[in-house]
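Listing of upload.cif, mmCIF, C-alpha atoms
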data_start
loop_
_atom_site.label_atom_id
_atom_site.label_comp_id
_atom_site.auth_asym_id
_atom_site.auth_seq_id
_atom_site.Cartn_x
_atom_site.Cartn_y
_atom_site.Cartn_z
CA MET A 1 67.13 121.90 -104.11
CA LYS A 2 68.24 119.98 -101.01
CA LYS A 3 71.37 122.18 -100.74
CA VAL A 4 69.29 125.37 -100.98
CA LEU A 5 66.92 124.12 -98.27
CA THR A 6 69.87 123.20 -96.01
CA PHE A 7 71.46 126.62 -96.58
CA LEU A 8 68.21 128.46 -95.80
CA THR A 9 67.71 126.40 -92.63
CA LEU A 10 71.26 127.13 -91.45
CA ALA A 11 70.88 130.83 -92.28
CA PHE A 12 67.62 130.99 -90.31
CA LEU A 13 69.12 129.19 -87.30
CA SER A 14 72.22 131.40 -87.39
CA SER A 15 70.17 134.60 -87.47
CA ALA A 16 67.94 133.32 -84.67
CA ALA A 17 70.97 132.43 -82.53
CA PHE A 18 72.47 135.88 -83.00
CA ALA A 19 69.28 137.93 -82.93
CA GLN A 20 69.56 141.12 -80.97
CA THR A 21 68.19 140.96 -77.45
CA THR A 22 66.80 143.91 -75.52
CA TRP A 23 66.75 144.23 -71.73
CA LYS A 24 64.95 146.92 -69.69
CA SER A 25 65.80 148.05 -66.16
CA ASP A 26 63.46 146.93 -63.39
CA PRO A 27 62.76 150.13 -61.39
CA MET A 28 61.86 148.13 -58.27
CA HIS A 29 65.33 146.56 -58.18
CA SER A 30 67.58 149.27 -59.64
CA LYS A 31 69.29 152.31 -58.18
CA LEU A 32 71.30 155.22 -59.62
CA ALA A 33 73.31 156.80 -56.79
CA PHE A 34 76.12 159.31 -56.38
CA SER A 35 78.22 160.86 -53.62
CA THR A 36 80.41 163.91 -53.18
CA THR A 37 82.63 165.08 -50.36
CA HIS A 38 81.52 168.11 -48.34
CA LEU A 39 84.16 170.41 -46.78
CA GLY A 40 86.72 167.67 -47.43
CA ILE A 41 85.55 165.75 -44.35
CA SER A 42 82.29 163.90 -45.06
CA ASP A 43 80.50 162.20 -47.91
CA VAL A 44 77.02 163.28 -48.94
CA ALA A 45 75.05 160.75 -50.98
CA GLY A 46 72.01 160.99 -53.18
CA LEU A 47 70.19 159.26 -55.99
CA PHE A 48 67.99 159.84 -58.98
CA LYS A 49 64.62 158.21 -58.35
CA THR A 50 63.36 158.21 -61.94
CA PHE A 51 65.49 156.71 -64.69
CA GLU A 52 65.41 154.07 -67.39
CA VAL A 53 68.21 151.92 -68.79
CA THR A 54 68.05 149.75 -71.89
CA ILE A 55 70.63 147.16 -72.90
CA SER A 56 70.79 145.70 -76.39
CA GLY A 57 73.19 143.18 -77.87
CA ASN A 58 73.71 139.79 -79.46
CA GLN A 59 76.01 137.99 -77.02
CA ALA A 60 74.72 136.09 -73.97
CA ASN A 61 77.66 137.41 -71.88
CA PHE A 62 76.86 141.03 -72.89
CA SER A 63 80.33 141.49 -74.41
CA ASP A 64 78.83 143.49 -77.31
CA ALA A 65 76.09 145.25 -75.31
CA VAL A 66 75.04 148.84 -75.82
CA PHE A 67 73.74 150.59 -72.68
CA THR A 68 71.49 153.66 -72.86
CA LEU A 69 70.31 155.65 -69.85
CA THR A 70 67.87 158.51 -69.48
CA ALA A 71 67.33 160.06 -66.04
CA ASP A 72 64.92 162.70 -64.79
CA VAL A 73 67.30 165.13 -63.06
CA GLY A 74 64.39 166.63 -61.12
CA SER A 75 64.01 163.29 -59.32
CA ILE A 76 67.24 163.93 -57.40
CA ASP A 77 66.95 162.93 -53.74
CA THR A 78 69.57 163.54 -51.04
CA GLU A 79 67.04 163.16 -48.19
CA ILE A 80 67.16 166.92 -47.49
CA GLU A 81 64.44 168.82 -49.36
CA MET A 82 66.18 172.19 -49.09
CA ARG A 83 69.38 170.74 -50.59
CA ASP A 84 67.42 168.93 -53.33
CA ASN A 85 65.72 172.19 -54.32
CA HIS A 86 69.10 173.93 -54.42
CA LEU A 87 70.54 171.16 -56.61
CA LYS A 88 67.62 171.62 -59.01
CA SER A 89 68.31 175.38 -59.27
CA ALA A 90 70.51 177.24 -61.76
CA ASP A 91 73.39 176.97 -59.24
CA PHE A 92 73.67 173.26 -60.08
CA PHE A 93 71.54 171.23 -62.53
CA GLU A 94 69.01 173.93 -63.61
CA THR A 95 66.35 171.27 -64.10
CA GLU A 96 63.77 173.60 -65.64
CA LYS A 97 66.10 174.18 -68.57
CA PHE A 98 67.88 170.80 -68.54
CA PRO A 99 65.37 168.23 -67.23
CA LYS A 100 67.17 165.10 -68.47
CA MET A 101 70.61 163.58 -68.39
CA SER A 102 71.62 160.71 -70.62
CA PHE A 103 74.34 158.17 -71.32
CA THR A 104 74.94 156.03 -74.39
CA SER A 105 77.78 153.53 -74.43
CA THR A 106 80.21 153.52 -77.34
CA SER A 107 82.39 150.54 -76.36
CA ILE A 108 82.64 147.71 -73.87
CA LYS A 109 85.98 146.01 -73.18
CA LYS A 110 86.61 142.98 -71.01
CA SER A 111 88.84 143.74 -67.99
CA GLY A 112 88.48 140.47 -66.02
CA LYS A 113 86.03 137.69 -65.27
CA ASP A 114 82.57 139.25 -65.68
CA ARG A 115 84.22 142.71 -65.52
CA TYR A 116 84.24 145.34 -68.23
CA LYS A 117 85.27 148.91 -68.95
CA LEU A 118 82.19 150.67 -70.28
CA THR A 119 82.89 153.83 -72.28
CA GLY A 120 80.24 156.19 -73.54
CA ASN A 121 78.93 159.71 -73.87
CA LEU A 122 77.39 161.30 -70.78
CA THR A 123 75.21 164.38 -71.25
CA ILE A 124 74.39 166.70 -68.34
CA ARG A 125 73.14 170.29 -68.83
CA ASP A 126 73.41 169.70 -72.62
CA ILE A 127 77.18 169.17 -72.26
CA THR A 128 78.38 165.83 -73.59
CA LYS A 129 81.67 164.28 -72.48
CA PRO A 130 83.17 160.80 -72.87
CA VAL A 131 83.38 158.80 -69.63
CA THR A 132 84.62 155.31 -68.75
CA MET A 133 83.12 153.31 -65.90
CA ASP A 134 83.70 149.88 -64.37
CA LEU A 135 80.94 147.39 -65.12
CA TRP A 136 80.40 144.13 -63.24
CA TYR A 137 78.10 141.58 -64.85
CA ARG A 138 76.63 139.69 -61.89
CA GLY A 139 74.89 136.96 -63.87
CA THR A 140 71.59 136.01 -65.45
CA VAL A 141 68.87 133.97 -63.74
CA ASP A 142 65.26 132.99 -64.29
CA ASN A 143 63.24 135.12 -61.88
CA PRO A 144 61.19 132.63 -59.83
CA GLN A 145 58.26 135.05 -59.52
CA SER A 146 57.96 136.53 -63.00
CA LYS A 147 59.63 133.58 -64.82
CA ALA A 148 61.49 136.20 -66.89
CA LYS A 149 65.18 136.09 -67.71
CA THR A 150 66.81 138.65 -65.39
CA ALA A 151 70.39 139.99 -65.59
CA GLY A 152 72.22 141.94 -62.89
CA PHE A 153 74.88 144.63 -63.22
CA GLN A 154 76.78 147.04 -61.01
CA LEU A 155 78.38 150.16 -62.46
CA THR A 156 80.95 152.24 -60.55
CA GLY A 157 83.12 155.15 -61.49
CA LYS A 158 83.90 158.83 -61.09
CA ILE A 159 83.18 161.98 -63.03
CA ASN A 160 84.10 165.63 -62.48
CA ARG A 161 81.10 167.89 -62.02
CA SER A 162 83.10 170.82 -63.41
CA ASP A 163 83.19 169.06 -66.81
CA PHE A 164 79.42 169.58 -66.95
CA LYS A 165 79.29 173.04 -65.29
CA VAL A 166 77.41 171.68 -62.28
CA GLY A 167 77.90 173.99 -59.27
CA PRO A 168 80.68 176.17 -60.74
CA ASN A 169 80.37 178.69 -57.88
CA PHE A 170 81.00 175.99 -55.25
CA PRO A 171 84.69 175.14 -55.39
CA ALA A 172 86.39 172.19 -53.76
CA PRO A 173 86.79 171.49 -50.90
CA MET A 174 83.35 173.02 -50.20
CA ILE A 175 81.97 170.38 -52.56
CA SER A 176 84.38 167.97 -54.21
CA ASP A 177 84.73 168.23 -57.95
CA GLU A 178 84.91 164.46 -58.08
CA VAL A 179 81.54 162.71 -57.97
CA LYS A 180 81.42 158.98 -57.29
CA ILE A 181 78.80 157.02 -59.22
CA LYS A 182 77.33 153.67 -58.17
CA ALA A 183 74.45 152.09 -60.05
CA ASP A 184 72.93 148.69 -59.40
CA GLY A 185 70.37 147.17 -61.68
CA GLU A 186 68.26 144.21 -62.56
CA PHE A 187 67.25 143.96 -66.20
CA THR A 188 64.42 141.93 -67.68
CA GLN A 189 64.74 140.42 -71.12
CA LYS A 190 62.10 141.70 -73.52
CA PRO A 191 60.53 139.44 -76.16
#
How would this structure read if it were set down as structure tokens?
Amino acid sequence: MKKVLTFLTLAFLSSAAFAQTTWKSDPMHSKLAFSTTHLGISDVAGLFKTFEVTISGNQANFSDAVFTLTADVGSIDTEIEMRDNHLKSADFFETEKFPKMSFTSTSIKKSGKDRYKLTGNLTIRDITKPVTMDLWYRGTVDNPQSKAKTAGFQLTGKINRSDFKVGPNFPAPMISDEVKIKADGEFTQKP
């Protein structure tokens, strides 16, 4: 009986130690930005104002984490209303027909100290393609205001807009095919 009790205690402690943890993006301290090159001579930047990212995994260093993102494409903001409206049109994102874009990671591989290659499926305009981005885990702290565990990440990488049929009638160098992505986020651990 003593052996059974010891085994059950160890099994419980092991499952508790490796229980899956979920983290949600803090919209006040997170940003999903992009930039393209216009006419081959200047960068034009923008962001998506409304998005949500969830991280789930078992490891404290996030080495097994799964990242999921959903963004409201209609929240695009380049600080020029006329351009934003054009980007929402059928010429680019066609937000009435395709209001959301999403990303779900499929693998995470260590590439250095606190650095990873994050691979996953990106969906824009209902076209899904595999992409790989650089992920920097910036650490986990106890937020002094909320007292919640808070983790920080920065994601950088590049995609080709032509892979997703975004702006097919606007060739490079009018608008570069390559789009640079930079996302910064704080994530709060959920109970």
Query raised in the report: Could you pull the residues within 12 Å of stretch 78-82 of chain A, counting all atoms listed in the file, minus those fewer than 4 positions along the same chain, as a PyMOL selection string?
Result: chain A and resi 33-36+43-49+74+86-89
Query raised in the report: Which polymer residues have any atom within 9 Å of an atom of stretch 161-176 of chain A, counting all atoms listed in the file, with same-chain residues fewer than 4 positions away left out, as a PyMOL selection string?
Result: chain A and resi 36-41+87+90-94+123-129
Report summary line: Among A:Asn85, A:Thr150, A:Thr70, A:Thr140, A:Asn121 is approached most closely, using all atoms listed in the file, by A:Thr70
Selected by the PyMOL selection byres ((chain A and resi 66) around 12) in the shown coordinates: which residues, as a PDB file with C-alpha atoms, in the coordinates of the input?
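The new file out.pdb reads:
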ATOM      1  CA  GLN A  20      69.560 141.120 -80.970  1.00  0.00           C
ATOM      2  CA  THR A  21      68.190 140.960 -77.450  1.00  0.00           C
ATOM      3  CA  THR A  22      66.800 143.910 -75.520  1.00  0.00           C
ATOM      4  CA  TRP A  23      66.750 144.230 -71.730  1.00  0.00           C
ATOM      5  CA  LYS A  24      64.950 146.920 -69.690  1.00  0.00           C
ATOM      6  CA  VAL A  53      68.210 151.920 -68.790  1.00  0.00           C
ATOM      7  CA  THR A  54      68.050 149.750 -71.890  1.00  0.00           C
ATOM      8  CA  ILE A  55      70.630 147.160 -72.900  1.00  0.00           C
ATOM      9  CA  SER A  56      70.790 145.700 -76.390  1.00  0.00           C
ATOM     10  CA  GLY A  57      73.190 143.180 -77.870  1.00  0.00           C
ATOM     11  CA  ASN A  58      73.710 139.790 -79.460  1.00  0.00           C
ATOM     12  CA  GLN A  59      76.010 137.990 -77.020  1.00  0.00           C
ATOM     13  CA  PHE A  62      76.860 141.030 -72.890  1.00  0.00           C
ATOM     14  CA  SER A  63      80.330 141.490 -74.410  1.00  0.00           C
ATOM     15  CA  ASP A  64      78.830 143.490 -77.310  1.00  0.00           C
ATOM     16  CA  ALA A  65      76.090 145.250 -75.310  1.00  0.00           C
ATOM     17  CA  PHE A  67      73.740 150.590 -72.680  1.00  0.00           C
ATOM     18  CA  THR A  68      71.490 153.660 -72.860  1.00  0.00           C
ATOM     19  CA  LEU A  69      70.310 155.650 -69.850  1.00  0.00           C
ATOM     20  CA  PHE A 103      74.340 158.170 -71.320  1.00  0.00           C
ATOM     21  CA  THR A 104      74.940 156.030 -74.390  1.00  0.00           C
ATOM     22  CA  SER A 105      77.780 153.530 -74.430  1.00  0.00           C
ATOM     23  CA  THR A 106      80.210 153.520 -77.340  1.00  0.00           C
ATOM     24  CA  SER A 107      82.390 150.540 -76.360  1.00  0.00           C
ATOM     25  CA  ILE A 108      82.640 147.710 -73.870  1.00  0.00           C
ATOM     26  CA  LYS A 109      85.980 146.010 -73.180  1.00  0.00           C
ATOM     27  CA  LEU A 118      82.190 150.670 -70.280  1.00  0.00           C
ATOM     28  CA  THR A 119      82.890 153.830 -72.280  1.00  0.00           C
ATOM     29  CA  GLY A 120      80.240 156.190 -73.540  1.00  0.00           C
ATOM     30  CA  ASN A 121      78.930 159.710 -73.870  1.00  0.00           C
TER      31      ASN A 121
END
On this file, the PyMOL selection byres ((chain A and resi 112) around 12) gives some set of residues; write that set as a PDB file with C-alpha atoms, in the coordinates of the input.
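So the final result, stored in expr-v1.pdb, reads:
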ATOM      1  CA  SER A  63      80.330 141.490 -74.410  1.00  0.00           C
ATOM      2  CA  LYS A 109      85.980 146.010 -73.180  1.00  0.00           C
ATOM      3  CA  LYS A 110      86.610 142.980 -71.010  1.00  0.00           C
ATOM      4  CA  SER A 111      88.840 143.740 -67.990  1.00  0.00           C
ATOM      5  CA  LYS A 113      86.030 137.690 -65.270  1.00  0.00           C
ATOM      6  CA  ASP A 114      82.570 139.250 -65.680  1.00  0.00           C
ATOM      7  CA  ARG A 115      84.220 142.710 -65.520  1.00  0.00           C
ATOM      8  CA  TYR A 116      84.240 145.340 -68.230  1.00  0.00           C
ATOM      9  CA  LYS A 117      85.270 148.910 -68.950  1.00  0.00           C
ATOM     10  CA  ASP A 134      83.700 149.880 -64.370  1.00  0.00           C
ATOM     11  CA  LEU A 135      80.940 147.390 -65.120  1.00  0.00           C
ATOM     12  CA  TRP A 136      80.400 144.130 -63.240  1.00  0.00           C
ATOM     13  CA  TYR A 137      78.100 141.580 -64.850  1.00  0.00           C
TER      14      TYR A 137
END
Query raised in the report: Could you state the separation of atom CA of A:Pro191 and atom CA of A:Thr156 in Å, given to one decimal place?
Result: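 Value for the atom CA of A:Pro191-atom CA of A:Thr156 distance: 28.7 Å.
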Query - Å distance separating atom CA of A:Ile159 from atom CA of A:Met133, one decimal place - result: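 Computing the Euclidean distance for atom CA of A:Ile159 and atom CA of A:Met133 yields 9.1 Å.
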**Report entry** Which residue of A:Gly157, A:Glu186, A:His29, A:Gly139 approaches A:Asn61 most closely, using only C-alpha atoms
**Finding:** A:Gly139
Requested in this report: Kindly resolve the PyMOL selection byres ((chain A and resi 149) around 10) on the present coordinates and return the residues as a ChimeraX atom specification.
Outcome: /A:23,140-144,146-148,150-151,187-190
Query raised in the report: Just how far from atom CA of A:Met28 is atom CA of A:Leu155, in Å to one decimal?
Result: 17.2 Å
